[in-house]
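Asks: Just dropping this structure here.
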Amino acid sequence: MPLRNLMRILILSVVFLTIGFYVSTNDKGDNNVLIKEDHTLEMEQPLPKGTDNQSTSLDKPKEGLALLIGQDVANLEKELGAPVRIDESLYGYQWYIYNQSYDQYLQVGVENKRVVTIFAIGETLDVAPFEIGQPVEEIFNTQFFDTNINLELNGNSYQFELNDTDLNLRPMVRLGDIYVQLYIDKFTGNLSSIRFLDAETLVKQKPYELSYSGELIEPPVIDEEKMLIIEHSTEKEIFDLTNVLRVRHKLKPLEWDQMTSEAAYGHSRDMAENDDFSHTSKKFGDLANRLKTAKIVYQAAGENIAANYSDGPAVIEGWLNSKGHRESLLNKDYTHLGVGVYQKYYTQNFIQKVEQ
């Protein structure tokens, strides 16, 4: 049996075992906290010359949204029209937000008038050669995923290493000069969303453990005023994405609640400034105390928190794959949502408003 096919079978077996394990357990001990660590290592010696993933690289797609990577903004708007809004990001590009309908929700990253990344989660979007909602077994039968992603860029060498969780829940494949990150919903075993990136944007975002030799491409330095804009932009994206997932699961979308958003922002800021990642603040108490202080009237409430995720799409997919967070996202009783983002600390406060 060819080694390539053997590796595919072994990886697929691990995926099925992992998904089966997560679905069958109760996730005891999941207290709705989610934190992601960064692992970036500069190598003193040059990285060994590899194949630059040529053996696992397929041709660039001939159709679908992936064709927009590298295109200028004029072509983008010719194909998709003007965005509903333009959000700022931490990585030097702007998100063009297309949220006219939940089943076609799309974020397109534009830097220097050129498309550098796309995040697609709407179920009817053309994300060839994949499909939103596609079963994981189909994906792993048609694509080969490696644990290492090697690339050369401007004389620098970069190597991303995917751990078991990465491989099972957010694997990456290279299609021509496009890198494709797949977000798998472990509870359904289907493709939840997809992210296309060019090489430079991939290195800036560092979605996996990274070793490099040469220069590390860093995101731009963000001043306080710009950071506030980015935080508010991310809040709106998390709100939109929450409703995309709720509608996908046949639930009513939530309404935005500004007072609850301000309470959520206060908790994110408190966690960041006091380096205290918890649902219970030493100064402001638990969720019930904080909502009472904010004079928010509700019948039921819930909270999701996370830290150190790269952006709104990444943290939403992280919450979706954690049992406790998922239950909050998809709780049928909640009616309103407030989102608060401070730097890379994220808080969602869900409430069921008192019926009048």
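Numbering starts fresh at 1 for the residues of each chain in the structure tokens, the chains themselves are lettered A, B, ... in the order given, and ligands are numbered from 1 as they appear.
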Would you pick out the contacts of region 185-202 of chain A at 8 Å or less, using only C-alpha atoms, so that residues sharing its chain but fewer than 4 positions from it are not included, and give the list as an mmCIF file with N, CA, C and O atoms, in the first residue's frame?
Replies:
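Dumped everything to out-v9.cif:
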data_model
loop_
_atom_site.group_PDB
_atom_site.id
_atom_site.type_symbol
_atom_site.label_atom_id
_atom_site.label_comp_id
_atom_site.auth_asym_id
_atom_site.auth_seq_id
_atom_site.Cartn_x
_atom_site.Cartn_y
_atom_site.Cartn_z
ATOM 1 N N ILE A 19 -13.328 12.423 17.467
ATOM 2 C CA ILE A 19 -14.686 12.945 17.418
ATOM 3 C C ILE A 19 -15.609 12.070 18.247
ATOM 4 O O ILE A 19 -16.434 12.557 19.020
ATOM 5 N N TYR A 22 -15.096 12.841 21.967
ATOM 6 C CA TYR A 22 -15.654 14.107 22.414
ATOM 7 C C TYR A 22 -17.180 14.054 22.477
ATOM 8 O O TYR A 22 -17.795 14.615 23.363
ATOM 9 N N VAL A 23 -17.807 13.388 21.528
ATOM 10 C CA VAL A 23 -19.259 13.351 21.500
ATOM 11 C C VAL A 23 -19.801 12.509 22.649
ATOM 12 O O VAL A 23 -20.846 12.812 23.214
ATOM 13 N N ALA A 66 -12.118 31.002 -3.289
ATOM 14 C CA ALA A 66 -10.656 30.974 -3.201
ATOM 15 C C ALA A 66 -9.997 31.757 -4.327
ATOM 16 O O ALA A 66 -8.891 32.273 -4.172
ATOM 17 N N ILE A 69 -8.478 35.314 -3.651
ATOM 18 C CA ILE A 69 -7.199 35.569 -2.980
ATOM 19 C C ILE A 69 -6.205 36.121 -4.001
ATOM 20 O O ILE A 69 -5.982 35.545 -5.066
ATOM 21 N N GLY A 70 -5.609 37.269 -3.671
ATOM 22 C CA GLY A 70 -4.668 37.929 -4.569
ATOM 23 C C GLY A 70 -5.303 38.932 -5.510
ATOM 24 O O GLY A 70 -4.587 39.714 -6.147
ATOM 25 N N TYR A 91 -4.261 42.616 12.089
ATOM 26 C CA TYR A 91 -3.210 42.082 11.229
ATOM 27 C C TYR A 91 -2.905 42.936 9.998
ATOM 28 O O TYR A 91 -2.249 42.468 9.070
ATOM 29 N N VAL A 116 -6.302 39.219 0.864
ATOM 30 C CA VAL A 116 -5.243 38.385 1.433
ATOM 31 C C VAL A 116 -5.792 37.212 2.244
ATOM 32 O O VAL A 116 -5.076 36.252 2.512
ATOM 33 N N THR A 117 -7.067 37.279 2.637
ATOM 34 C CA THR A 117 -7.666 36.182 3.406
ATOM 35 C C THR A 117 -9.183 36.236 3.272
ATOM 36 O O THR A 117 -9.754 37.302 2.996
ATOM 37 N N ILE A 118 -9.822 35.095 3.457
ATOM 38 C CA ILE A 118 -11.283 34.991 3.403
ATOM 39 C C ILE A 118 -11.719 34.043 4.503
ATOM 40 O O ILE A 118 -11.145 32.956 4.659
ATOM 41 N N PHE A 119 -12.730 34.445 5.272
ATOM 42 C CA PHE A 119 -13.365 33.535 6.219
ATOM 43 C C PHE A 119 -14.808 33.331 5.779
ATOM 44 O O PHE A 119 -15.576 34.288 5.684
ATOM 45 N N ALA A 120 -15.167 32.080 5.499
ATOM 46 C CA ALA A 120 -16.496 31.758 4.970
ATOM 47 C C ALA A 120 -17.184 30.775 5.904
ATOM 48 O O ALA A 120 -16.623 29.717 6.215
ATOM 49 N N ILE A 121 -18.411 31.106 6.309
ATOM 50 C CA ILE A 121 -19.162 30.238 7.209
ATOM 51 C C ILE A 121 -20.597 30.032 6.740
ATOM 52 O O ILE A 121 -21.264 29.111 7.187
ATOM 53 N N GLY A 122 -21.068 30.869 5.800
ATOM 54 C CA GLY A 122 -22.418 30.707 5.273
ATOM 55 C C GLY A 122 -22.569 29.387 4.534
ATOM 56 O O GLY A 122 -21.722 29.015 3.714
ATOM 57 N N VAL A 127 -17.178 27.299 -1.590
ATOM 58 C CA VAL A 127 -15.838 27.226 -1.020
ATOM 59 C C VAL A 127 -15.074 26.048 -1.626
ATOM 60 O O VAL A 127 -14.310 25.357 -0.956
ATOM 61 N N GLU A 131 -17.165 21.971 0.917
ATOM 62 C CA GLU A 131 -18.518 22.469 1.108
ATOM 63 C C GLU A 131 -18.761 22.649 2.595
ATOM 64 O O GLU A 131 -18.406 21.772 3.391
ATOM 65 N N ILE A 132 -19.359 23.784 2.977
ATOM 66 C CA ILE A 132 -19.758 23.952 4.364
ATOM 67 C C ILE A 132 -20.798 22.873 4.687
ATOM 68 O O ILE A 132 -21.737 22.653 3.938
ATOM 69 N N GLY A 133 -20.601 22.188 5.800
ATOM 70 C CA GLY A 133 -21.474 21.076 6.162
ATOM 71 C C GLY A 133 -20.997 19.731 5.652
ATOM 72 O O GLY A 133 -21.608 18.707 5.948
ATOM 73 N N GLN A 134 -19.898 19.704 4.912
ATOM 74 C CA GLN A 134 -19.370 18.457 4.358
ATOM 75 C C GLN A 134 -18.880 17.536 5.477
ATOM 76 O O GLN A 134 -18.198 17.979 6.406
ATOM 77 N N PRO A 135 -19.210 16.235 5.431
ATOM 78 C CA PRO A 135 -18.750 15.308 6.467
ATOM 79 C C PRO A 135 -17.225 15.198 6.482
ATOM 80 O O PRO A 135 -16.575 15.211 5.441
ATOM 81 N N VAL A 136 -16.678 15.061 7.680
ATOM 82 C CA VAL A 136 -15.228 15.025 7.828
ATOM 83 C C VAL A 136 -14.622 13.830 7.105
ATOM 84 O O VAL A 136 -13.512 13.914 6.571
ATOM 85 N N LEU A 151 7.097 26.559 4.515
ATOM 86 C CA LEU A 151 7.041 27.525 3.420
ATOM 87 C C LEU A 151 8.246 28.441 3.458
ATOM 88 O O LEU A 151 8.815 28.705 4.518
ATOM 89 N N LEU A 153 9.480 32.262 2.224
ATOM 90 C CA LEU A 153 8.914 33.550 1.840
ATOM 91 C C LEU A 153 9.972 34.629 2.005
ATOM 92 O O LEU A 153 10.471 34.857 3.108
ATOM 93 N N LEU A 169 -9.360 19.177 14.413
ATOM 94 C CA LEU A 169 -10.398 20.202 14.473
ATOM 95 C C LEU A 169 -10.145 21.404 13.560
ATOM 96 O O LEU A 169 -11.092 22.087 13.178
ATOM 97 N N ASP A 177 -0.900 28.275 -4.323
ATOM 98 C CA ASP A 177 -0.268 29.248 -3.424
ATOM 99 C C ASP A 177 -1.226 29.723 -2.342
ATOM 100 O O ASP A 177 -0.983 30.735 -1.689
ATOM 101 N N ILE A 178 -2.318 29.004 -2.127
ATOM 102 C CA ILE A 178 -3.315 29.359 -1.117
ATOM 103 C C ILE A 178 -3.282 28.328 0.010
ATOM 104 O O ILE A 178 -3.222 27.118 -0.238
ATOM 105 N N TYR A 179 -3.324 28.829 1.238
ATOM 106 C CA TYR A 179 -3.384 27.959 2.403
ATOM 107 C C TYR A 179 -4.817 27.951 2.929
ATOM 108 O O TYR A 179 -5.451 29.007 3.060
ATOM 109 N N VAL A 180 -5.325 26.759 3.216
ATOM 110 C CA VAL A 180 -6.734 26.594 3.552
ATOM 111 C C VAL A 180 -6.853 25.959 4.932
ATOM 112 O O VAL A 180 -6.411 24.827 5.148
ATOM 113 N N GLN A 181 -7.427 26.685 5.866
ATOM 114 C CA GLN A 181 -7.668 26.176 7.217
ATOM 115 C C GLN A 181 -9.138 25.779 7.329
ATOM 116 O O GLN A 181 -10.035 26.578 7.030
ATOM 117 N N LYS A 206 -0.168 33.207 12.638
ATOM 118 C CA LYS A 206 0.400 32.114 13.435
ATOM 119 C C LYS A 206 -0.678 31.223 14.070
ATOM 120 O O LYS A 206 -0.784 31.140 15.304
ATOM 121 N N PRO A 207 -1.482 30.544 13.283
ATOM 122 C CA PRO A 207 -2.550 29.730 13.867
ATOM 123 C C PRO A 207 -2.073 28.434 14.518
ATOM 124 O O PRO A 207 -2.847 27.790 15.233
ATOM 125 N N ILE A 217 7.494 37.668 10.245
ATOM 126 C CA ILE A 217 6.563 38.707 9.805
ATOM 127 C C ILE A 217 5.597 38.990 10.945
ATOM 128 O O ILE A 217 4.857 38.108 11.385
ATOM 129 N N GLU A 317 -15.290 29.536 16.689
ATOM 130 C CA GLU A 317 -15.118 28.113 16.399
ATOM 131 C C GLU A 317 -14.559 27.375 17.618
ATOM 132 O O GLU A 317 -14.870 26.198 17.826
ATOM 133 N N LEU A 320 -17.548 26.832 19.851
ATOM 134 C CA LEU A 320 -18.464 25.847 19.274
ATOM 135 C C LEU A 320 -18.019 24.425 19.593
ATOM 136 O O LEU A 320 -18.849 23.518 19.739
ATOM 137 N N ASN A 321 -16.719 24.216 19.735
ATOM 138 C CA ASN A 321 -16.187 22.872 19.961
ATOM 139 C C ASN A 321 -15.932 22.563 21.432
ATOM 140 O O ASN A 321 -15.224 21.615 21.758
#
Asks: Can you pull out every residue from region 80-166 of chain A that DSSP, working from the backbone, puts in strand (DSSP E), and format the result as number ranges by chain?
Replies: A: 85-88, 94-98, 106-111, 114-120, 148-153, 156-161
Asks: Just to be explicit: take each residue in the selection above, keep N, CA, C and O atoms, and write the result as a compact mmCIF listing (two decimals), in the first residue's frame.
Replies:
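Wrote selection.txt, looks like this:
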# COMPACT_ATOMS: atom_id res chain seq x y z
N ARG A 85 -20.33 46.50 5.79
CA ARG A 85 -19.48 47.38 6.60
C ARG A 85 -18.03 46.93 6.42
O ARG A 85 -17.77 45.84 5.90
N ILE A 86 -17.10 47.76 6.86
CA ILE A 86 -15.68 47.44 6.81
C ILE A 86 -15.14 47.51 8.23
O ILE A 86 -15.22 48.56 8.88
N ASP A 87 -14.62 46.39 8.73
CA ASP A 87 -14.09 46.29 10.08
C ASP A 87 -12.57 46.31 10.06
O ASP A 87 -11.95 45.87 9.09
N GLU A 88 -11.99 46.79 11.15
CA GLU A 88 -10.54 46.76 11.30
C GLU A 88 -10.11 45.44 11.95
O GLU A 88 -10.88 44.79 12.64
N GLN A 94 -8.20 44.95 6.44
CA GLN A 94 -9.56 45.28 6.86
C GLN A 94 -10.49 44.15 6.46
O GLN A 94 -10.36 43.57 5.38
N TRP A 95 -11.43 43.85 7.33
CA TRP A 95 -12.45 42.86 7.01
C TRP A 95 -13.60 43.52 6.26
O TRP A 95 -14.24 44.43 6.78
N TYR A 96 -13.84 43.08 5.04
CA TYR A 96 -15.05 43.47 4.31
C TYR A 96 -16.14 42.48 4.72
O TYR A 96 -16.02 41.29 4.44
N ILE A 97 -17.16 42.99 5.39
CA ILE A 97 -18.19 42.13 5.98
C ILE A 97 -19.40 42.04 5.06
O ILE A 97 -20.01 43.05 4.71
N TYR A 98 -19.74 40.81 4.69
CA TYR A 98 -20.93 40.53 3.89
C TYR A 98 -21.89 39.71 4.76
O TYR A 98 -21.76 38.49 4.87
N LEU A 106 -19.93 36.13 5.16
CA LEU A 106 -18.58 36.08 4.61
C LEU A 106 -17.78 37.27 5.13
O LEU A 106 -18.29 38.38 5.23
N GLN A 107 -16.50 37.02 5.47
CA GLN A 107 -15.57 38.10 5.79
C GLN A 107 -14.38 38.00 4.85
O GLN A 107 -13.76 36.93 4.74
N VAL A 108 -14.06 39.09 4.17
CA VAL A 108 -12.95 39.12 3.22
C VAL A 108 -11.91 40.12 3.70
O VAL A 108 -12.21 41.30 3.89
N GLY A 109 -10.67 39.65 3.93
CA GLY A 109 -9.60 40.51 4.40
C GLY A 109 -8.89 41.20 3.24
O GLY A 109 -8.39 40.53 2.33
N VAL A 110 -8.86 42.53 3.28
CA VAL A 110 -8.25 43.33 2.22
C VAL A 110 -7.12 44.17 2.80
O VAL A 110 -7.32 44.92 3.76
N GLU A 111 -5.92 44.02 2.23
CA GLU A 111 -4.76 44.81 2.64
C GLU A 111 -4.11 45.41 1.41
O GLU A 111 -3.85 44.71 0.42
N ARG A 114 -5.83 44.63 -1.82
CA ARG A 114 -5.72 43.29 -2.36
C ARG A 114 -6.26 42.28 -1.35
O ARG A 114 -6.06 42.41 -0.14
N VAL A 115 -6.96 41.27 -1.85
CA VAL A 115 -7.55 40.25 -0.97
C VAL A 115 -6.46 39.31 -0.47
O VAL A 115 -5.75 38.69 -1.28
N VAL A 116 -6.30 39.22 0.86
CA VAL A 116 -5.24 38.38 1.43
C VAL A 116 -5.79 37.21 2.24
O VAL A 116 -5.08 36.25 2.51
N THR A 117 -7.07 37.28 2.64
CA THR A 117 -7.67 36.18 3.41
C THR A 117 -9.18 36.24 3.27
O THR A 117 -9.75 37.30 3.00
N ILE A 118 -9.82 35.09 3.46
CA ILE A 118 -11.28 34.99 3.40
C ILE A 118 -11.72 34.04 4.50
O ILE A 118 -11.14 32.96 4.66
N PHE A 119 -12.73 34.44 5.27
CA PHE A 119 -13.37 33.53 6.22
C PHE A 119 -14.81 33.33 5.78
O PHE A 119 -15.58 34.29 5.68
N ALA A 120 -15.17 32.08 5.50
CA ALA A 120 -16.50 31.76 4.97
C ALA A 120 -17.18 30.78 5.90
O ALA A 120 -16.62 29.72 6.22
N ASN A 148 3.04 18.96 9.40
CA ASN A 148 3.96 20.08 9.22
C ASN A 148 3.61 20.87 7.97
O ASN A 148 3.34 20.28 6.92
N ILE A 149 3.61 22.19 8.10
CA ILE A 149 3.43 23.09 6.96
C ILE A 149 4.71 23.88 6.81
O ILE A 149 5.08 24.67 7.69
N ASN A 150 5.43 23.67 5.72
CA ASN A 150 6.69 24.37 5.47
C ASN A 150 6.52 25.36 4.34
O ASN A 150 5.88 25.06 3.33
N LEU A 151 7.10 26.56 4.52
CA LEU A 151 7.04 27.53 3.42
C LEU A 151 8.25 28.44 3.46
O LEU A 151 8.81 28.71 4.52
N GLU A 152 8.63 28.88 2.27
CA GLU A 152 9.70 29.85 2.10
C GLU A 152 9.08 31.15 1.60
O GLU A 152 8.26 31.16 0.69
N LEU A 153 9.48 32.26 2.22
CA LEU A 153 8.91 33.55 1.84
C LEU A 153 9.97 34.63 2.01
O LEU A 153 10.47 34.86 3.11
N ASN A 156 13.07 33.77 3.87
CA ASN A 156 12.88 33.29 5.23
C ASN A 156 12.19 31.93 5.20
O ASN A 156 11.41 31.64 4.28
N SER A 157 12.46 31.11 6.23
CA SER A 157 11.87 29.77 6.30
C SER A 157 10.94 29.69 7.50
O SER A 157 11.28 30.14 8.60
N TYR A 158 9.77 29.10 7.28
CA TYR A 158 8.77 28.96 8.34
C TYR A 158 8.25 27.53 8.35
O TYR A 158 8.02 26.93 7.30
N GLN A 159 8.07 27.01 9.55
CA GLN A 159 7.50 25.66 9.70
C GLN A 159 6.43 25.69 10.79
O GLN A 159 6.70 25.98 11.94
N PHE A 160 5.20 25.39 10.38
CA PHE A 160 4.10 25.25 11.33
C PHE A 160 3.95 23.77 11.68
O PHE A 160 4.00 22.92 10.79
N GLU A 161 3.76 23.50 12.96
CA GLU A 161 3.56 22.13 13.41
C GLU A 161 2.17 22.00 14.01
O GLU A 161 1.82 22.71 14.96
Asks: At a cut-off of 6 Å, using only C-alpha atoms, what residues contact region 233-244 of chain A? Leave out same-chain residues fewer than 4 positions from it and give the result as a list in words.
Replies: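 In the requested form, the answer reads Asp87, Tyr102, Pro253, Gly312 and Val339 of chain A.
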Asks: For the structure I just gave you, how does DSSP split region 252-319 of chain A - specifically, which residues are alpha helix (DSSP H)? Reply as a VMD selection string.
Replies: chain A and resid 258 to 274 287 to 293 312 to 319
Asks: Using only C-alpha atoms, find the one residue out of A:Glu273, A:Glu225, A:Asp103, A:Asp311 that sits nearest to Leu125 (chain A).
Replies: A:Asp103
Asks: In Å to one decimal, how far is CA of Ile296 (chain A) from CA of Asp333 (chain A)?
Replies: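 Computing it gives 16.8 Å between the two atoms.
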Asks: Just give me the gap between CA of Pro219 (chain A) and CA of Leu182 (chain A) in Å, one decimal is fine.
Replies: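 Straight-line distance from CA of Pro219 (chain A) to CA of Leu182 (chain A) works out to 22.4 Å.
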Asks: Between CA of Glu327 (chain A) and CA of Arg290 (chain A), what is the spacing in Å?
Replies: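 One can read the CA of Arg290 (chain A) to CA of Glu327 (chain A) distance as 21.2 Å.
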Asks: What lies within 12 Å of Tyr309 (chain A) using only C-alpha atoms, ignoring chain neighbours under 3 positions off, as a list of chain:residue names?
Replies: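 So, after excluding close chain neighbours, the residues are A:Leu34, A:Ile35, A:Lys36, A:Glu37, A:Asp38, A:Leu90, A:Gln205, A:Lys206, A:Pro207, A:Tyr208, A:Thr234, A:Ile305, A:Ala306, A:Gly312, A:Pro313, A:Ala314, A:Val315, A:Ile316, A:Glu317, A:Gly318, A:Trp319, A:Val341, A:Tyr342, A:Gln343, A:Lys344, A:Tyr345, A:Tyr346.
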